[in-house]
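**Student:** Structure in structure tokens, see below.
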Amino acid sequence: MLQDTQITLLGAGRLGEALLRGLLDTGAVSRTLLRASVASTERAQYLTQRYSIDTAAGSNAAAVSGADIVIIAVKPAKVGSVLREIRPVLRPSQVIVSLAAAVRLRLIEAQLQPSTPIVRAMPNIAMALRQSATALCPNAAVTDEQRTLVASVFRLVGEVAFVEEEAIDGVTALAGSGPALIFYLLEALAEGGRRAGVSGPVADALARQTLLGAARLALETEVSPSEWIEQVKTPAGTTIAGLEVLERDGVRQALIEAVTAAARRARDIADELEAELETELET
Ligand SMILES: NC(=O)c1ccc[n+]([C@@H]2O[C@H](COP(=O)([O-])OP(=O)(O)OC[C@H]3O[C@@H](n4cnc5c(N)ncnc54)[C@H](OP(=O)(O)O)[C@@H]3O)[C@@H](O)[C@H]2O)c1
């Protein structure tokens, strides 16, 4: 299905490049069918050289021409201006996919023709290694075929779930910001190893492999995390000594609150962006 699909990426910074890299690594997407548009010529040159794809600076409208899927990966505050740039040249069959955190479907819809098919997507940076956890939320104009097509693109770079838009701020916090929370824990785990006498590089390597092993056990078995904890800990053993400190110091609660705070921030930014758009439309 994807063999003939032309994909254009508007914005290719950290997240956009992760998507490019992941898609190209599959071999399922041809370089000739991928195109990117960025702000600076330096970035365009880098992407052209690194990935051998057609990349240009400052020409979003031209980049959209011929695309089946137009993926927007600019910062949330720039989404409005990018949409205004491409609106005159968009065809009804082209699907817009927005990766921008906190930009609601209705905000995108307000800037385009009412019948434009739009998918709000929330992937994460692990697309680079084809391990993203991506949530997709299509608007009412998206056909079943387009829904399948967009899902097949994101399945190439990880797992995909369809969600209602009410859940997207939560997904942004859990899966979008989630890698940063995990890296934070990873550093703390390695530091604990160092303080317990493991040398620096060895502690880093052990912490990373331990995280990978635990993640694969959680993903690839039917055993729940609590059941795995039971399998690792023994009464009065070493694991329970560590777990007791996590409970005592409120680490579980802190993580829950971290995700809640990130989701709240996503909602607040979405409200701010909507208020800005309303002001723009009034003036
Ligand atoms: N980073 C994450 O982990 C993550 C996770 C989930 C969602 N997101 C969402 O993904 C989007 C991109 O985030 P990011 O971290 O990748 O940002 P970023 O690294 O700052 O990348 C933004 C990209 O947009 C380009 N750009 C800026 N203005 C443009 C314009 N008018 N037309 C075309 N391209 C333009 C920039 O070009 P230059 O490089 O030339 O300046 C850059 O390539 C954001 O909306 C964010 O909410 C990010």
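Scheme for the structure tokens: letters A, B, ... for chains in order shown; per-chain residue numbers from 1; ligand numbers from 1 in order shown.
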At a cut-off of 7 Å around ligand 1, and using only C-alpha atoms and all ligand atoms, what residues come up? Please write them as number ranges by chain.
**Tutor:** A: 10-16, 37-44, 57-58, 60, 73-76, 78, 81-82, 99-102, 122-125, 172, 176-177
**Student:** Looking only at the backbone, which of the residues in range 30-73 of chain A does DSSP tag as strand (DSSP E or B), as a PyMOL selection string?
**Tutor:** chain A and resi 34-38+54-57+69-72
**Student:** Using only C-alpha atoms for the distances, tell me which of A:Arg31, A:Ala261, A:Gln131, A:Ile240 is nearest to Leu212 in chain A.
**Tutor:**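 Smallest distance to Leu212 in chain A is found for A:Gln131.
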**Student:** Nearest to Thr134 in chain A: which of A:Ser226, A:Asp68, A:Thr48, A:Leu19 is it, counting only C-alpha atoms?
**Tutor:**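 Among the listed residues, the smallest separation from Thr134 in chain A belongs to A:Leu19.
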**Student:** Measuring atom to atom with only C-alpha atoms, identify which of A:Pro179, A:Pro117, A:Gly242, A:Pro92 is nearest to Gly192 in chain A.
**Tutor:**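 Among the listed residues, A:Gly242 lies closest to Gly192 in chain A.
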**Student:** Using the chain letters and numbers from this document, which residues of range 144-249 of chain A does DSSP assign to helix (DSSP H, G or I), as an MDAnalysis selection string?
**Tutor:** chainID A and resid 144:155 165:176 178:195 200:220 225:232 238:248
**Student:** Please produce a file of the residues just selected, as an mmCIF file, in the first residue's frame, where the atoms kept are C-alpha atoms.
**Tutor:**
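What follows is the written file part-v1.cif:
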data_model
loop_
_atom_site.group_PDB
_atom_site.id
_atom_site.type_symbol
_atom_site.label_atom_id
_atom_site.label_comp_id
_atom_site.auth_asym_id
_atom_site.auth_seq_id
_atom_site.Cartn_x
_atom_site.Cartn_y
_atom_site.Cartn_z
ATOM 1 C CA ASP A 144 -11.542 4.305 6.336
ATOM 2 C CA GLU A 145 -8.947 3.986 3.597
ATOM 3 C CA GLN A 146 -7.073 7.099 4.760
ATOM 4 C CA ARG A 147 -7.275 5.913 8.361
ATOM 5 C CA THR A 148 -5.671 2.610 7.353
ATOM 6 C CA LEU A 149 -3.045 4.372 5.247
ATOM 7 C CA VAL A 150 -1.947 6.726 8.039
ATOM 8 C CA ALA A 151 -1.923 3.885 10.580
ATOM 9 C CA SER A 152 0.259 1.826 8.239
ATOM 10 C CA VAL A 153 2.831 4.665 8.085
ATOM 11 C CA PHE A 154 3.069 4.918 11.883
ATOM 12 C CA ARG A 155 3.056 1.111 12.335
ATOM 13 C CA GLU A 165 -9.258 13.369 21.295
ATOM 14 C CA GLU A 166 -10.093 13.733 25.028
ATOM 15 C CA ALA A 167 -7.300 11.229 25.683
ATOM 16 C CA ILE A 168 -4.631 12.996 23.631
ATOM 17 C CA ASP A 169 -3.305 15.265 26.401
ATOM 18 C CA GLY A 170 -2.841 12.150 28.519
ATOM 19 C CA VAL A 171 -1.078 10.386 25.632
ATOM 20 C CA THR A 172 1.139 13.451 25.148
ATOM 21 C CA ALA A 173 2.175 13.219 28.798
ATOM 22 C CA LEU A 174 2.551 9.440 28.920
ATOM 23 C CA ALA A 175 3.980 8.538 25.520
ATOM 24 C CA GLY A 176 5.218 11.891 24.113
ATOM 25 C CA GLY A 178 7.313 9.648 28.651
ATOM 26 C CA PRO A 179 10.755 8.876 27.198
ATOM 27 C CA ALA A 180 12.197 11.874 29.106
ATOM 28 C CA LEU A 181 10.686 10.593 32.367
ATOM 29 C CA ILE A 182 12.205 7.175 31.726
ATOM 30 C CA PHE A 183 15.638 8.657 30.880
ATOM 31 C CA TYR A 184 15.487 10.560 34.163
ATOM 32 C CA LEU A 185 14.848 7.301 36.029
ATOM 33 C CA LEU A 186 17.563 5.567 34.030
ATOM 34 C CA GLU A 187 20.154 8.132 35.103
ATOM 35 C CA ALA A 188 19.103 7.756 38.723
ATOM 36 C CA LEU A 189 19.325 3.956 38.467
ATOM 37 C CA ALA A 190 22.873 4.155 37.080
ATOM 38 C CA GLU A 191 23.872 6.710 39.720
ATOM 39 C CA GLY A 192 22.607 4.341 42.404
ATOM 40 C CA GLY A 193 24.812 1.621 40.899
ATOM 41 C CA ARG A 194 27.848 3.947 40.965
ATOM 42 C CA ARG A 195 27.249 4.864 44.601
ATOM 43 C CA GLY A 200 30.682 4.520 35.769
ATOM 44 C CA PRO A 201 30.495 2.994 32.273
ATOM 45 C CA VAL A 202 29.575 -0.423 33.640
ATOM 46 C CA ALA A 203 26.788 1.088 35.762
ATOM 47 C CA ASP A 204 25.439 2.924 32.679
ATOM 48 C CA ALA A 205 25.524 -0.208 30.548
ATOM 49 C CA LEU A 206 23.909 -2.371 33.227
ATOM 50 C CA ALA A 207 21.166 0.174 33.893
ATOM 51 C CA ARG A 208 20.315 0.463 30.179
ATOM 52 C CA GLN A 209 20.246 -3.286 29.601
ATOM 53 C CA THR A 210 18.193 -3.789 32.774
ATOM 54 C CA LEU A 211 15.637 -1.279 31.515
ATOM 55 C CA LEU A 212 15.507 -3.005 28.126
ATOM 56 C CA GLY A 213 15.149 -6.436 29.724
ATOM 57 C CA ALA A 214 12.365 -5.275 32.038
ATOM 58 C CA ALA A 215 10.574 -3.525 29.142
ATOM 59 C CA ARG A 216 10.729 -6.655 26.994
ATOM 60 C CA LEU A 217 9.482 -8.845 29.832
ATOM 61 C CA ALA A 218 6.577 -6.439 30.358
ATOM 62 C CA LEU A 219 5.788 -6.349 26.622
ATOM 63 C CA GLU A 220 6.420 -9.887 25.534
ATOM 64 C CA PRO A 225 4.478 -5.620 36.322
ATOM 65 C CA SER A 226 3.230 -6.404 39.867
ATOM 66 C CA GLU A 227 3.576 -10.134 39.209
ATOM 67 C CA TRP A 228 7.103 -9.585 37.891
ATOM 68 C CA ILE A 229 7.933 -7.664 41.088
ATOM 69 C CA GLU A 230 6.699 -10.670 43.080
ATOM 70 C CA GLN A 231 8.951 -12.969 41.031
ATOM 71 C CA VAL A 232 12.051 -10.840 41.632
ATOM 72 C CA THR A 238 17.640 -7.104 48.416
ATOM 73 C CA THR A 239 14.812 -6.072 46.065
ATOM 74 C CA ILE A 240 12.363 -5.461 48.875
ATOM 75 C CA ALA A 241 14.918 -3.238 50.605
ATOM 76 C CA GLY A 242 15.011 -1.059 47.487
ATOM 77 C CA LEU A 243 11.254 -1.101 46.891
ATOM 78 C CA GLU A 244 10.604 -0.005 50.473
ATOM 79 C CA VAL A 245 12.658 3.131 49.884
ATOM 80 C CA LEU A 246 10.702 3.912 46.690
ATOM 81 C CA GLU A 247 7.425 3.586 48.607
ATOM 82 C CA ARG A 248 8.737 5.557 51.613
#
**Student:** Tell me which of A:Val157, A:Cys137, A:Leu2, A:Ala275 sits closest to Leu20 in chain A, counting only C-alpha atoms.
**Tutor:**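 So, comparing all the options, the nearest one is A:Val157.
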**Student:** I'd like the neighbourhood of Arg87 in chain A as a PyMOL selection string, where a residue qualifies if any of its atoms comes within 8 Å (using only C-alpha atoms), though same-chain residues fewer than 5 positions away should be ignored.
**Tutor:** chain A and resi 111-113
**Student:** Store the residues picked out above, limited to N, CA and C atoms, as a PDB file, in the first residue's frame.
**Tutor:**
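File produced: out04.pdb:
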ATOM      1  N   GLN A 111      -8.683  26.397  10.204  1.00  0.00           N
ATOM      2  CA  GLN A 111      -7.806  27.089   9.246  1.00  0.00           C
ATOM      3  C   GLN A 111      -7.889  26.501   7.847  1.00  0.00           C
ATOM      4  N   LEU A 112      -8.602  25.347   7.712  1.00  0.00           N
ATOM      5  CA  LEU A 112      -8.633  24.664   6.411  1.00  0.00           C
ATOM      6  C   LEU A 112     -10.071  24.523   5.928  1.00  0.00           C
ATOM      7  N   GLN A 113     -10.240  23.984   4.725  1.00  0.00           N
ATOM      8  CA  GLN A 113     -11.589  23.714   4.204  1.00  0.00           C
ATOM      9  C   GLN A 113     -12.288  22.726   5.142  1.00  0.00           C
TER      10      GLN A 113
END
**Student:** So which one's closest to Glu272 in chain A, A:Val89, A:Ala236, A:Leu107, A:Glu222? Using only C-alpha atoms, please.
**Tutor:**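 Counting only C-alpha atoms, the residue closest to Glu272 in chain A is A:Leu107.
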**Student:** Tell me, in Å to one decimal, how far CA of Pro138 in chain A is from CA of Thr26 in chain A.
**Tutor:**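 Taking CA of Pro138 in chain A and CA of Thr26 in chain A, their separation equals 24.6 Å.
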**Student:** Considering only C-alpha atoms, can you say which of A:Gln49, A:Arg120, A:Val95, A:Gly250 comes closest to Thr143 in chain A?
**Tutor:** A:Val95
**Student:** Rounded to one decimal, what separation in Å do you get between CA of Val119 in chain A and CA of Ala258 in chain A?
**Tutor:**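 Distance reported for this atom pair: 26.9 Å.
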**Student:** Considering only C-alpha atoms, return as a ChimeraX atom specification whatever protein or nucleic-acid residues lie within 12 Å of Glu278 in chain A, sequence-local ones (same chain, fewer than 4 positions apart) excluded.
**Tutor:** /A:80,106-107,110-111,271-274,282-283
**Student:** Print the selection's residues with N, CA and C atoms to a file, as a PDB file, in the first residue's frame.
**Tutor:**
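Output saved as selection_18.pdb:
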ATOM      1  N   GLY A  80      -0.229  27.235  12.868  1.00  0.00           N
ATOM      2  CA  GLY A  80      -1.179  28.136  12.218  1.00  0.00           C
ATOM      3  C   GLY A  80      -0.595  28.746  10.945  1.00  0.00           C
ATOM      4  N   ARG A 106      -9.899  20.890  16.189  1.00  0.00           N
ATOM      5  CA  ARG A 106     -10.767  21.994  15.764  1.00  0.00           C
ATOM      6  C   ARG A 106      -9.971  23.247  15.412  1.00  0.00           C
ATOM      7  N   LEU A 107      -8.787  23.381  16.007  1.00  0.00           N
ATOM      8  CA  LEU A 107      -7.940  24.522  15.674  1.00  0.00           C
ATOM      9  C   LEU A 107      -7.378  24.380  14.254  1.00  0.00           C
ATOM     10  N   ALA A 110     -10.266  24.818  11.752  1.00  0.00           N
ATOM     11  CA  ALA A 110     -10.686  26.217  11.588  1.00  0.00           C
ATOM     12  C   ALA A 110      -9.864  26.937  10.518  1.00  0.00           C
ATOM     13  N   GLN A 111      -8.683  26.397  10.204  1.00  0.00           N
ATOM     14  CA  GLN A 111      -7.806  27.089   9.246  1.00  0.00           C
ATOM     15  C   GLN A 111      -7.889  26.501   7.847  1.00  0.00           C
ATOM     16  N   ASP A 271      -5.307  25.412  25.293  1.00  0.00           N
ATOM     17  CA  ASP A 271      -6.229  26.530  25.553  1.00  0.00           C
ATOM     18  C   ASP A 271      -5.613  27.855  25.101  1.00  0.00           C
ATOM     19  N   GLU A 272      -4.310  28.031  25.413  1.00  0.00           N
ATOM     20  CA  GLU A 272      -3.629  29.284  25.026  1.00  0.00           C
ATOM     21  C   GLU A 272      -3.609  29.443  23.508  1.00  0.00           C
ATOM     22  N   LEU A 273      -3.314  28.329  22.798  1.00  0.00           N
ATOM     23  CA  LEU A 273      -3.253  28.398  21.334  1.00  0.00           C
ATOM     24  C   LEU A 273      -4.624  28.738  20.752  1.00  0.00           C
ATOM     25  N   GLU A 274      -5.665  28.187  21.349  1.00  0.00           N
ATOM     26  CA  GLU A 274      -7.019  28.470  20.857  1.00  0.00           C
ATOM     27  C   GLU A 274      -7.383  29.927  21.088  1.00  0.00           C
ATOM     28  N   GLU A 282     -10.488  37.488  15.109  1.00  0.00           N
ATOM     29  CA  GLU A 282     -11.295  38.677  15.399  1.00  0.00           C
ATOM     30  C   GLU A 282     -10.673  39.930  14.794  1.00  0.00           C
ATOM     31  N   THR A 283      -9.317  39.949  14.665  1.00  0.00           N
ATOM     32  CA  THR A 283      -8.656  41.186  14.205  1.00  0.00           C
ATOM     33  C   THR A 283      -8.459  41.186  12.678  1.00  0.00           C
TER      34      THR A 283
END
